[in-house]
>>> print(open('input.cif').read())   # mmCIF, C-alpha atoms (C1' of nucleotides)
data_model
#
loop_
_atom_site.group_PDB
_atom_site.id
_atom_site.type_symbol
_atom_site.label_atom_id
_atom_site.label_comp_id
_atom_site.auth_asym_id
_atom_site.auth_seq_id
_atom_site.Cartn_x
_atom_site.Cartn_y
_atom_site.Cartn_z
ATOM 1 C CA MET A 257 -167.532 -105.187 -34.148
ATOM 2 C CA ASP A 258 -168.964 -108.319 -32.575
ATOM 3 C CA SER A 259 -171.287 -108.960 -35.471
ATOM 4 C CA TRP A 260 -168.380 -108.891 -37.901
ATOM 5 C CA VAL A 261 -166.319 -111.310 -35.814
ATOM 6 C CA LYS A 262 -169.295 -113.592 -35.406
ATOM 7 C CA LYS A 263 -170.015 -113.626 -39.125
ATOM 8 C CA LEU A 264 -166.381 -114.286 -40.004
ATOM 9 C CA ASN A 265 -165.981 -117.048 -37.401
ATOM 10 C CA SER A 266 -169.103 -118.764 -38.653
ATOM 11 C CA LYS A 267 -167.406 -119.109 -42.039
ATOM 12 C CA GLY A 268 -164.251 -120.580 -40.536
ATOM 13 C CA ILE A 269 -162.418 -117.268 -40.928
ATOM 14 C CA ARG A 270 -160.229 -116.457 -37.931
ATOM 15 C CA CYS A 271 -159.988 -113.031 -36.393
ATOM 16 C CA THR A 272 -156.360 -112.562 -35.530
ATOM 17 C CA ALA A 273 -154.936 -109.492 -33.840
ATOM 18 C CA MET A 274 -153.697 -108.100 -37.140
ATOM 19 C CA ARG A 275 -156.980 -108.725 -38.875
ATOM 20 C CA LEU A 276 -158.888 -107.086 -36.044
ATOM 21 C CA ALA A 277 -156.598 -104.068 -36.249
ATOM 22 C CA VAL A 278 -157.286 -103.718 -39.974
ATOM 23 C CA ILE A 279 -161.019 -104.082 -39.389
ATOM 24 C CA GLN A 280 -160.929 -101.450 -36.678
ATOM 25 C CA THR A 281 -159.171 -98.986 -38.981
ATOM 26 C CA ILE A 282 -161.788 -99.509 -41.668
ATOM 27 C CA ARG A 283 -164.681 -99.185 -39.237
ATOM 28 C CA LYS A 284 -163.535 -96.202 -37.213
ATOM 29 C CA THR A 285 -162.441 -94.029 -40.151
ATOM 30 C CA LYS A 286 -165.454 -92.278 -41.599
ATOM 31 C CA LYS A 287 -164.193 -92.092 -45.162
ATOM 32 C CA PRO A 288 -163.319 -94.518 -47.933
ATOM 33 C CA LEU A 289 -159.768 -95.836 -47.499
ATOM 34 C CA SER A 290 -157.335 -97.293 -50.000
ATOM 35 C CA PRO A 291 -155.255 -100.397 -49.167
ATOM 36 C CA ILE A 292 -152.141 -98.310 -48.586
ATOM 37 C CA GLN A 293 -154.044 -95.876 -46.360
ATOM 38 C CA ILE A 294 -155.368 -98.748 -44.277
ATOM 39 C CA PHE A 295 -151.823 -100.093 -44.121
ATOM 40 C CA ASP A 296 -150.308 -96.805 -42.911
ATOM 41 C CA LEU A 297 -153.053 -96.050 -40.395
ATOM 42 C CA THR A 298 -153.015 -99.524 -38.897
ATOM 43 C CA ARG A 299 -149.223 -99.671 -38.716
ATOM 44 C CA GLN A 300 -149.147 -96.674 -36.381
ATOM 45 C CA LYS A 301 -150.254 -99.047 -33.649
ATOM 46 C CA ASN A 302 -149.210 -102.338 -35.295
ATOM 47 C CA PRO A 303 -145.816 -101.804 -36.933
ATOM 48 C CA LYS A 304 -145.445 -105.442 -37.864
ATOM 49 C CA LEU A 305 -148.478 -105.454 -40.157
ATOM 50 C CA GLY A 306 -147.741 -106.408 -43.767
ATOM 51 C CA LEU A 307 -149.445 -104.913 -46.776
ATOM 52 C CA VAL A 308 -150.373 -108.379 -47.978
ATOM 53 C CA THR A 309 -152.523 -108.907 -44.903
ATOM 54 C CA VAL A 310 -154.409 -105.719 -45.724
ATOM 55 C CA TYR A 311 -155.151 -106.947 -49.229
ATOM 56 C CA ARG A 312 -156.210 -110.362 -48.012
ATOM 57 C CA THR A 313 -158.437 -108.905 -45.293
ATOM 58 C CA ILE A 314 -160.087 -106.538 -47.774
ATOM 59 C CA GLU A 315 -160.763 -109.464 -50.079
ATOM 60 C CA ILE A 316 -162.420 -111.437 -47.290
ATOM 61 C CA LEU A 317 -164.472 -108.553 -45.930
ATOM 62 C CA GLU A 318 -165.760 -107.704 -49.373
ATOM 63 C CA ARG A 319 -166.595 -111.304 -50.166
ATOM 64 C CA GLU A 320 -168.537 -111.554 -46.894
ATOM 65 C CA GLY A 321 -170.470 -108.405 -47.747
ATOM 66 C CA LEU A 322 -169.103 -106.309 -44.893
ATOM 67 C CA ILE A 323 -167.369 -103.659 -46.975
ATOM 68 C CA GLU A 324 -167.809 -102.340 -50.497
ATOM 69 C CA HIS A 325 -165.650 -100.574 -53.031
ATOM 70 C CA ILE A 326 -166.376 -96.899 -53.658
ATOM 71 C CA HIS A 327 -165.845 -95.591 -57.193
ATOM 72 C CA HIS A 328 -164.995 -91.957 -57.665
ATOM 73 C CA PHE A 329 -163.609 -90.919 -61.047
ATOM 74 C CA ASP A 330 -160.032 -92.215 -61.147
ATOM 75 C CA ASN A 331 -160.204 -93.519 -57.594
ATOM 76 C CA CYS A 332 -161.861 -96.914 -57.487
ATOM 77 C CA GLN A 333 -159.860 -98.902 -54.970
ATOM 78 C CA THR A 334 -161.118 -97.427 -51.702
ATOM 79 C CA VAL A 335 -163.404 -99.407 -49.424
ATOM 80 C CA LEU A 336 -166.110 -98.515 -46.924
ATOM 81 C CA PRO A 337 -168.249 -100.561 -44.547
ATOM 82 C CA VAL A 338 -171.577 -101.280 -46.225
ATOM 83 C CA GLY A 339 -174.765 -99.607 -45.060
ATOM 84 C CA GLU A 340 -177.715 -101.417 -43.552
ATOM 85 C CA GLY A 341 -179.943 -102.782 -46.275
ATOM 86 C CA HIS A 342 -179.724 -101.173 -49.684
ATOM 87 C CA GLN A 343 -178.295 -97.729 -49.312
ATOM 88 C CA HIS A 344 -176.548 -95.196 -51.474
ATOM 89 C CA VAL A 345 -173.318 -93.422 -50.713
ATOM 90 C CA LEU A 346 -172.905 -89.706 -50.193
ATOM 91 C CA LEU A 347 -169.357 -88.324 -50.310
ATOM 92 C CA CYS A 348 -168.113 -84.915 -49.218
ATOM 93 C CA ILE A 349 -165.935 -83.403 -51.938
ATOM 94 C CA LYS A 350 -164.059 -81.321 -49.368
ATOM 95 C CA CYS A 351 -163.306 -83.514 -46.346
ATOM 96 C CA GLY A 352 -163.915 -86.901 -47.922
ATOM 97 C CA ALA A 353 -166.446 -87.993 -45.324
ATOM 98 C CA ALA A 354 -168.824 -90.684 -46.457
ATOM 99 C CA VAL A 355 -172.325 -91.388 -45.206
ATOM 100 C CA HIS A 356 -174.987 -93.776 -46.309
ATOM 101 C CA PHE A 357 -178.551 -92.789 -46.880
ATOM 102 C CA LYS A 358 -181.608 -94.915 -47.353
ATOM 103 C CA GLY A 359 -182.382 -95.741 -50.938
ATOM 104 C CA MET A 360 -185.006 -93.433 -52.293
ATOM 105 C CA GLU A 361 -187.903 -94.650 -54.326
ATOM 106 C CA LEU A 362 -186.389 -95.235 -57.728
ATOM 107 C CA LYS A 363 -188.840 -97.834 -58.963
ATOM 108 C CA ASN A 364 -191.001 -95.285 -60.749
ATOM 109 C CA ILE A 365 -187.940 -93.999 -62.546
ATOM 110 C CA PHE A 366 -186.971 -97.480 -63.634
ATOM 111 C CA ASP A 367 -190.462 -98.135 -64.968
ATOM 112 C CA GLN A 368 -190.206 -94.953 -66.981
ATOM 113 C CA ILE A 369 -186.811 -95.985 -68.374
ATOM 114 C CA ASN A 370 -188.200 -99.386 -69.288
ATOM 115 C CA LYS A 371 -190.955 -97.686 -71.292
ATOM 116 C CA GLU A 372 -188.528 -95.342 -73.043
ATOM 117 C CA THR A 373 -185.654 -97.696 -73.816
ATOM 118 C CA GLY A 374 -186.991 -101.221 -73.472
ATOM 119 C CA PHE A 375 -184.279 -102.006 -70.910
ATOM 120 C CA GLN A 376 -185.323 -104.096 -67.946
ATOM 121 C CA ILE A 377 -183.325 -102.683 -65.031
ATOM 122 C CA LYS A 378 -181.711 -105.303 -62.808
ATOM 123 C CA GLU A 379 -179.030 -103.382 -60.955
ATOM 124 C CA HIS A 380 -178.605 -99.744 -60.159
ATOM 125 C CA TRP A 381 -175.774 -97.873 -58.734
ATOM 126 C CA MET A 382 -175.945 -94.286 -57.642
ATOM 127 C CA GLN A 383 -173.422 -92.211 -55.851
ATOM 128 C CA LEU A 384 -173.640 -88.581 -54.915
ATOM 129 C CA ALA A 385 -171.023 -86.062 -53.936
ATOM 130 C CA GLY A 386 -171.335 -82.636 -52.402
ATOM 131 C CA LEU A 387 -170.615 -80.641 -49.292
ATOM 132 C CA CYS A 388 -171.308 -82.143 -45.901
ATOM 133 C CA PRO A 389 -172.980 -79.985 -43.232
ATOM 134 C CA ALA A 390 -169.614 -79.197 -41.590
ATOM 135 C CA CYS A 391 -167.857 -78.197 -44.816
ATOM 136 C CA LYS A 392 -170.802 -76.156 -46.084
ATOM 137 C CA SER A 393 -170.244 -73.428 -43.504
ATOM 138 C CA MET B 255 -166.501 -88.160 -86.652
ATOM 139 C CA ASP B 256 -165.928 -84.695 -88.118
ATOM 140 C CA SER B 257 -166.909 -82.938 -84.924
ATOM 141 C CA TRP B 258 -164.289 -84.889 -82.961
ATOM 142 C CA VAL B 259 -161.529 -84.086 -85.481
ATOM 143 C CA LYS B 260 -162.561 -80.456 -85.530
ATOM 144 C CA LYS B 261 -162.511 -80.219 -81.750
ATOM 145 C CA LEU B 262 -159.129 -81.926 -81.486
ATOM 146 C CA ASN B 263 -157.552 -79.833 -84.255
ATOM 147 C CA SER B 264 -158.750 -76.640 -82.614
ATOM 148 C CA LYS B 265 -156.679 -77.602 -79.573
ATOM 149 C CA GLY B 266 -153.556 -78.270 -81.630
ATOM 150 C CA ILE B 267 -154.099 -82.010 -81.375
ATOM 151 C CA ARG B 268 -153.349 -83.812 -84.614
ATOM 152 C CA CYS B 269 -155.464 -86.601 -86.015
ATOM 153 C CA THR B 270 -153.054 -89.123 -87.412
ATOM 154 C CA ALA B 271 -154.053 -92.310 -89.170
ATOM 155 C CA MET B 272 -153.406 -94.365 -86.012
ATOM 156 C CA ARG B 273 -155.341 -91.983 -83.830
ATOM 157 C CA LEU B 274 -158.265 -91.962 -86.246
ATOM 158 C CA ALA B 275 -158.267 -95.753 -86.263
ATOM 159 C CA VAL B 276 -158.434 -95.812 -82.450
ATOM 160 C CA ILE B 277 -161.220 -93.235 -82.458
ATOM 161 C CA GLN B 278 -163.171 -95.226 -85.010
ATOM 162 C CA THR B 279 -162.921 -98.378 -82.906
ATOM 163 C CA ILE B 280 -164.225 -96.539 -79.860
ATOM 164 C CA ARG B 281 -167.055 -94.908 -81.775
ATOM 165 C CA LYS B 282 -168.280 -97.839 -83.809
ATOM 166 C CA THR B 283 -168.308 -100.382 -80.983
ATOM 167 C CA LYS B 284 -171.483 -100.038 -79.008
ATOM 168 C CA LYS B 285 -170.060 -101.150 -75.682
ATOM 169 C CA PRO B 286 -167.467 -99.941 -73.202
ATOM 170 C CA LEU B 287 -163.968 -101.012 -74.258
ATOM 171 C CA SER B 288 -160.786 -101.473 -72.257
ATOM 172 C CA PRO B 289 -157.420 -100.230 -73.555
ATOM 173 C CA ILE B 290 -156.357 -103.731 -74.513
ATOM 174 C CA GLN B 291 -159.663 -104.390 -76.279
ATOM 175 C CA ILE B 292 -159.266 -101.182 -78.272
ATOM 176 C CA PHE B 293 -155.715 -102.251 -79.055
ATOM 177 C CA ASP B 294 -156.714 -105.694 -80.309
ATOM 178 C CA LEU B 295 -159.708 -104.511 -82.328
ATOM 179 C CA THR B 296 -157.806 -101.680 -83.980
ATOM 180 C CA ARG B 297 -154.784 -103.848 -84.773
ATOM 181 C CA GLN B 298 -156.913 -106.146 -86.925
ATOM 182 C CA LYS B 299 -156.753 -103.421 -89.574
ATOM 183 C CA ASN B 300 -153.689 -101.557 -88.278
ATOM 184 C CA PRO B 301 -151.119 -104.128 -87.170
ATOM 185 C CA LYS B 302 -148.469 -101.495 -86.489
ATOM 186 C CA LEU B 303 -150.471 -99.799 -83.739
ATOM 187 C CA GLY B 304 -148.763 -99.681 -80.342
ATOM 188 C CA LEU B 305 -150.545 -100.007 -77.043
ATOM 189 C CA VAL B 306 -148.979 -96.757 -75.889
ATOM 190 C CA THR B 307 -150.808 -94.882 -78.610
ATOM 191 C CA VAL B 308 -154.088 -96.313 -77.352
ATOM 192 C CA TYR B 309 -153.386 -95.081 -73.826
ATOM 193 C CA ARG B 310 -152.327 -91.626 -75.029
ATOM 194 C CA THR B 311 -155.365 -91.318 -77.269
ATOM 195 C CA ILE B 312 -157.704 -92.344 -74.465
ATOM 196 C CA GLU B 313 -156.108 -89.736 -72.213
ATOM 197 C CA ILE B 314 -156.620 -86.998 -74.800
ATOM 198 C CA LEU B 315 -160.181 -87.977 -75.675
ATOM 199 C CA GLU B 316 -161.169 -88.068 -72.033
ATOM 200 C CA ARG B 317 -159.511 -84.734 -71.293
ATOM 201 C CA GLU B 318 -161.391 -83.194 -74.218
ATOM 202 C CA GLY B 319 -164.675 -84.582 -72.920
ATOM 203 C CA LEU B 320 -165.319 -86.906 -75.848
ATOM 204 C CA ILE B 321 -165.238 -90.174 -73.939
ATOM 205 C CA GLU B 322 -165.828 -91.166 -70.342
ATOM 206 C CA HIS B 323 -164.822 -94.037 -68.101
ATOM 207 C CA ILE B 324 -167.510 -96.540 -67.183
ATOM 208 C CA HIS B 325 -167.340 -98.100 -63.725
ATOM 209 C CA HIS B 326 -168.817 -101.516 -63.213
ATOM 210 C CA PHE B 327 -167.818 -103.353 -60.044
ATOM 211 C CA ASP B 328 -164.240 -104.503 -60.558
ATOM 212 C CA ASN B 329 -164.155 -103.173 -64.090
ATOM 213 C CA CYS B 330 -163.374 -99.464 -64.134
ATOM 214 C CA GLN B 331 -161.012 -98.995 -67.031
ATOM 215 C CA THR B 332 -163.396 -99.186 -69.977
ATOM 216 C CA VAL B 333 -164.336 -96.106 -71.969
ATOM 217 C CA LEU B 334 -167.386 -95.042 -73.940
ATOM 218 C CA PRO B 335 -168.175 -91.966 -76.051
ATOM 219 C CA VAL B 336 -170.078 -89.479 -73.909
ATOM 220 C CA GLY B 337 -173.760 -88.803 -74.477
ATOM 221 C CA GLU B 338 -175.198 -85.480 -75.586
ATOM 222 C CA GLY B 339 -175.685 -83.190 -72.629
ATOM 223 C CA HIS B 340 -175.955 -84.826 -69.229
ATOM 224 C CA GLN B 341 -176.966 -88.415 -69.642
ATOM 225 C CA HIS B 342 -176.817 -91.586 -67.665
ATOM 226 C CA VAL B 343 -175.494 -94.907 -68.838
ATOM 227 C CA LEU B 344 -177.494 -98.079 -69.235
ATOM 228 C CA LEU B 345 -175.568 -101.329 -69.634
ATOM 229 C CA CYS B 346 -176.831 -104.716 -70.729
ATOM 230 C CA ILE B 347 -175.620 -107.394 -68.340
ATOM 231 C CA LYS B 348 -175.864 -110.033 -71.048
ATOM 232 C CA CYS B 349 -174.443 -108.589 -74.281
ATOM 233 C CA GLY B 350 -172.580 -105.635 -72.800
ATOM 234 C CA ALA B 351 -174.302 -103.066 -74.989
ATOM 235 C CA ALA B 352 -174.342 -99.555 -73.629
ATOM 236 C CA VAL B 353 -176.831 -96.814 -74.323
ATOM 237 C CA HIS B 354 -177.277 -93.345 -72.924
ATOM 238 C CA PHE B 355 -180.557 -92.005 -71.730
ATOM 239 C CA LYS B 356 -181.567 -88.488 -70.885
ATOM 240 C CA GLY B 357 -181.081 -87.613 -67.245
ATOM 241 C CA MET B 358 -184.332 -87.882 -65.427
ATOM 242 C CA GLU B 359 -185.535 -85.280 -63.002
ATOM 243 C CA LEU B 360 -183.451 -85.930 -59.935
ATOM 244 C CA LYS B 361 -183.585 -82.455 -58.449
ATOM 245 C CA ASN B 362 -186.510 -83.283 -56.198
ATOM 246 C CA ILE B 363 -184.622 -86.239 -54.858
ATOM 247 C CA PHE B 364 -181.566 -84.116 -54.141
ATOM 248 C CA ASP B 365 -183.655 -81.550 -52.281
ATOM 249 C CA GLN B 366 -185.061 -84.341 -50.155
ATOM 250 C CA ILE B 367 -181.574 -85.656 -49.383
ATOM 251 C CA ASN B 368 -180.425 -82.182 -48.459
ATOM 252 C CA LYS B 369 -183.259 -81.956 -45.948
ATOM 253 C CA GLU B 370 -182.516 -85.367 -44.488
ATOM 254 C CA THR B 371 -178.736 -85.303 -44.341
ATOM 255 C CA GLY B 372 -177.657 -81.675 -44.650
ATOM 256 C CA PHE B 373 -175.522 -82.578 -47.663
ATOM 257 C CA GLN B 374 -175.547 -80.124 -50.534
ATOM 258 C CA ILE B 375 -175.334 -82.297 -53.650
ATOM 259 C CA LYS B 376 -172.865 -81.058 -56.262
ATOM 260 C CA GLU B 377 -172.246 -84.110 -58.413
ATOM 261 C CA HIS B 378 -174.261 -87.199 -59.057
ATOM 262 C CA TRP B 379 -173.421 -90.300 -60.843
ATOM 263 C CA MET B 380 -175.871 -93.011 -61.693
ATOM 264 C CA GLN B 381 -175.463 -96.103 -63.737
ATOM 265 C CA LEU B 382 -177.986 -98.808 -64.422
ATOM 266 C CA ALA B 383 -177.650 -102.333 -65.678
ATOM 267 C CA GLY B 384 -180.199 -104.760 -66.937
ATOM 268 C CA LEU B 385 -181.372 -106.599 -70.007
ATOM 269 C CA CYS B 386 -181.555 -104.783 -73.322
ATOM 270 C CA PRO B 387 -184.600 -105.342 -75.563
ATOM 271 C CA ALA B 388 -182.722 -107.893 -77.694
ATOM 272 C CA CYS B 389 -181.440 -109.945 -74.752
ATOM 273 C CA LYS B 390 -184.765 -109.873 -72.916
ATOM 274 C CA SER B 391 -186.405 -112.168 -75.407
ATOM 275 C "C1'" DG C 103 -139.334 -76.643 -90.360
ATOM 276 C "C1'" DT C 104 -141.454 -77.001 -86.092
ATOM 277 C "C1'" DA C 105 -144.164 -79.202 -82.946
ATOM 278 C "C1'" DA C 106 -146.795 -83.155 -82.207
ATOM 279 C "C1'" DC C 107 -146.994 -88.177 -82.647
ATOM 280 C "C1'" DT C 108 -145.138 -92.910 -83.012
ATOM 281 C "C1'" DG C 109 -143.416 -97.557 -81.329
ATOM 282 C "C1'" DC C 110 -140.179 -99.785 -78.571
ATOM 283 C "C1'" DA C 111 -138.189 -100.858 -74.337
ATOM 284 C "C1'" DA C 112 -137.643 -99.922 -69.762
ATOM 285 C "C1'" DA C 113 -139.426 -98.287 -65.552
ATOM 286 C "C1'" DC C 114 -143.025 -97.867 -62.376
ATOM 287 C "C1'" DG C 115 -146.561 -98.896 -58.882
ATOM 288 C "C1'" DC C 116 -150.164 -101.652 -57.320
ATOM 289 C "C1'" DT C 117 -151.656 -106.301 -56.520
ATOM 290 C "C1'" DT C 118 -151.022 -111.277 -56.212
ATOM 291 C "C1'" DT C 119 -148.509 -115.554 -55.310
ATOM 292 C "C1'" DG C 120 -145.093 -118.951 -53.216
ATOM 293 C "C1'" DC C 121 -143.207 -120.154 -49.197
ATOM 294 C "C1'" DA C 122 -141.651 -121.228 -44.588
ATOM 295 C "C1'" DC C 123 -143.033 -120.073 -40.103
ATOM 296 C "C1'" DC C 124 -146.701 -119.010 -36.658
ATOM 297 C "C1'" DA C 125 -151.052 -119.004 -34.122
ATOM 298 C "C1'" DA C 126 -156.154 -119.631 -33.386
ATOM 299 C "C1'" DG C 127 -159.628 -122.842 -32.275
ATOM 300 C "C1'" DC D 147 -152.719 -130.767 -33.825
ATOM 301 C "C1'" DT D 148 -154.953 -129.228 -37.760
ATOM 302 C "C1'" DT D 149 -156.133 -125.495 -40.460
ATOM 303 C "C1'" DG D 150 -155.926 -120.829 -41.464
ATOM 304 C "C1'" DG D 151 -153.020 -116.586 -41.141
ATOM 305 C "C1'" DT D 152 -148.578 -114.061 -41.309
ATOM 306 C "C1'" DG D 153 -144.659 -111.404 -43.407
ATOM 307 C "C1'" DC D 154 -141.236 -111.411 -46.729
ATOM 308 C "C1'" DA D 155 -139.629 -111.577 -51.283
ATOM 309 C "C1'" DA D 156 -140.505 -112.262 -55.902
ATOM 310 C "C1'" DA D 157 -143.463 -112.385 -59.701
ATOM 311 C "C1'" DG D 158 -147.219 -110.486 -62.392
ATOM 312 C "C1'" DC D 159 -149.743 -107.130 -64.654
ATOM 313 C "C1'" DG D 160 -151.535 -102.840 -66.351
ATOM 314 C "C1'" DT D 161 -149.936 -98.259 -67.131
ATOM 315 C "C1'" DT D 162 -146.522 -94.546 -67.764
ATOM 316 C "C1'" DT D 163 -142.146 -92.556 -69.248
ATOM 317 C "C1'" DG D 164 -137.738 -91.730 -72.002
ATOM 318 C "C1'" DC D 165 -136.148 -91.604 -76.347
ATOM 319 C "C1'" DA D 166 -134.896 -91.538 -81.161
ATOM 320 C "C1'" DG D 167 -137.111 -91.553 -85.387
ATOM 321 C "C1'" DT D 168 -141.386 -90.003 -88.039
ATOM 322 C "C1'" DT D 169 -145.262 -87.281 -89.664
ATOM 323 C "C1'" DA D 170 -148.907 -83.700 -89.794
ATOM 324 C "C1'" DC D 171 -149.704 -79.040 -90.654
#
>>> encode(input="input.cif", output="structure tokens")
Amino acid sequence: MDSWVKKLNSKGIRCTAMRLAVIQTIRKTKKPLSPIQIFDLTRQKNPKLGLVTVYRTIEILEREGLIEHIHHFDNCQTVLPVGEGHQHVLLCIKCGAAVHFKGMELKNIFDQINKETGFQIKEHWMQLAGLCPACKS
Amino acid sequence: MDSWVKKLNSKGIRCTAMRLAVIQTIRKTKKPLSPIQIFDLTRQKNPKLGLVTVYRTIEILEREGLIEHIHHFDNCQTVLPVGEGHQHVLLCIKCGAAVHFKGMELKNIFDQINKETGFQIKEHWMQLAGLCPACKS
DNA sequence: GTAACTGCAAACGCTTTGCACCAAG
DNA sequence: CTTGGTGCAAAGCGTTTGCAGTTAC
């Protein structure tokens, strides 16, 4: 939590009680959350929170590279804290849990694609879904 | 084009002039299109087309597996005809062109992830972006 | 002739903006 | 005390729905 506050403060962004509550909801929940989910969860302890503050906090956190949007078929508005370094996201299709895993070696694949299609790959985005260890059994 | 009409007719879905015009726009344009882009492009030749028809046609085509949504950062509403079999999408970050390429062998990677994380991968979704051969030079 | 399709207008839900008040540094 | 943050209400925007008229098969 400290590192987030420090980073935000260094940009002149203040960490108010409401903003901290929103951040805590995002960080402690282990699955991607939509704005309205963050709103409902945070309001359980902070009934005065407004939905607008959630939107504005999401905007700031994403701009500062602390959270990222997760895209899953028709559901593209949920956010998740980013992983350390470049990582890919792994979602459980049963319980919704999300974990990051270290980016595998994809460079060979990109070289192969370059040979086949002539495309020079600049960005890649991979997301996997399946059953987490708990839901598998 | 015939195969699309045949598939739709077999489901009791009619191919009207407006619907065919929308389908043609989607098929002949080589990049992902948003509903409003499809609307504008199709209306150049069919000024009576309504935006609602575009939305309803997109819904049908996606349900029948003929088109798919492309997700690209904040831009998740564009559609593209699907590739043959399981393919991944390659987008040009300069001209917007989209091409499909045959899914590479990812099974080894998934086995490795399973060992590391305990996740059993059921779905994967990968999208790449870069410079197409024309835009590279 | 029946069932599907059409465009229009209205409704809907999510997101953003304007504003007066408040609070962090 | 200055600047950024807050909630509320309203506006904005993309998408969906209701409906009466139309068209494919």
>>> closest_atom_pairs(input="input.cif", of="chain C", to="chain A", cutoff="10 Å", atoms="only C-alpha atoms (C1' of nucleotides)", output="tab-separated table")
residue	atom	partner	partner_atom	distance
C:DC116	C1'	A:Ile292	CA	9.6
C:DT117	C1'	A:Tyr311	CA	8.1
C:DT118	C1'	A:Val308	CA	8.8
C:DA125	C1'	A:Thr272	CA	8.5
C:DA126	C1'	A:Arg270	CA	6.9
C:DG127	C1'	A:Arg270	CA	8.6
>>> interface_residues(input="input.cif", of="chain D", to="chain A", cutoff="8 Å", atoms="only C-alpha atoms (C1' of nucleotides)", output="PDB file with C-alpha atoms (C1' of nucleotides), in the frame of the given file")
ATOM      1  C1'  DG D 150    -155.926-120.829 -41.464  1.00  0.00           C
ATOM      2  C1'  DG D 151    -153.020-116.586 -41.141  1.00  0.00           C
ATOM      3  C1'  DT D 152    -148.578-114.061 -41.309  1.00  0.00           C
ATOM      4  C1'  DG D 153    -144.659-111.404 -43.407  1.00  0.00           C
TER       5       DG D 153
END
>>> interface_residues(input="input.cif", of="chain A", to="chain B", cutoff="6 Å", atoms="all atoms listed in the file", output="PyMOL selection string")
chain A and resi 374-389
>>> resolve_selection(input="input.cif", expression="the PyMOL selection byres ((chain C and resi 114) around 12)", output="list in words")
DA112, DA113, DG115 and DC116 of chain C; DC159, DG160, DT161, DT162 and DT163 of chain D
>>> atom_distance(input="input.cif", atom1="CA of Ile312 in chain B", atom2="CA of Gly352 in chain A")
27.8 Å
>>> residues_near_point(input="input.cif", point="(-142.8, -121.9, -50.2)", cutoff="12 Å", atoms="all atoms listed in the file", output="list in words")
DT119, DG120, DC121, DA122 and DC123 of chain C; DC154, DA155 and DA156 of chain D
>>> residues_around(input="input.cif", residues="Thr285 in chain A", least_positions_apart="2", cutoff="12 Å", atoms="all atoms listed in the file", output="short mmCIF file (atom, residue, chain, number, x, y, z; two decimals) with C-alpha atoms, in the frame of the given file")
data_model
loop_
_atom_site.label_atom_id
_atom_site.label_comp_id
_atom_site.auth_asym_id
_atom_site.auth_seq_id
_atom_site.Cartn_x
_atom_site.Cartn_y
_atom_site.Cartn_z
CA VAL A 278 -157.29 -103.72 -39.97
CA ILE A 279 -161.02 -104.08 -39.39
CA GLN A 280 -160.93 -101.45 -36.68
CA THR A 281 -159.17 -98.99 -38.98
CA ILE A 282 -161.79 -99.51 -41.67
CA ARG A 283 -164.68 -99.18 -39.24
CA LYS A 287 -164.19 -92.09 -45.16
CA PRO A 288 -163.32 -94.52 -47.93
CA LEU A 289 -159.77 -95.84 -47.50
CA SER A 290 -157.34 -97.29 -50.00
CA GLN A 293 -154.04 -95.88 -46.36
CA ILE A 294 -155.37 -98.75 -44.28
CA LEU A 297 -153.05 -96.05 -40.40
CA THR A 298 -153.01 -99.52 -38.90
CA VAL A 335 -163.40 -99.41 -49.42
CA LEU A 336 -166.11 -98.52 -46.92
CA PRO A 337 -168.25 -100.56 -44.55
CA GLY A 352 -163.92 -86.90 -47.92
CA ALA A 353 -166.45 -87.99 -45.32
CA ALA A 354 -168.82 -90.68 -46.46
CA VAL A 355 -172.32 -91.39 -45.21
#
>>> resolve_selection(input="input.cif", expression="the PyMOL selection byres ((chain C and resi 103) around 12)", output="PDB file with C-alpha atoms (C1' of nucleotides), in the coordinates of the input")
ATOM      1  C1'  DT C 104    -141.454 -77.001 -86.092  1.00  0.00           C
ATOM      2  C1'  DA C 105    -144.164 -79.202 -82.946  1.00  0.00           C
TER       3       DA C 105
ATOM      4  C1'  DA D 170    -148.907 -83.700 -89.794  1.00  0.00           C
ATOM      5  C1'  DC D 171    -149.704 -79.040 -90.654  1.00  0.00           C
TER       6       DC D 171
END
>>> residues_around(input="input.cif", residues="DT168 in chain D", least_positions_apart="2", cutoff="10 Å", atoms="all atoms listed in the file", output="list of chain:residue names")
C:DC107, C:DT108, D:DA166, D:DA170
>>> atom_distance(input="input.cif", atom1="CA of Ile323 in chain A", atom2="CA of Ser266 in chain A")
17.3 Å
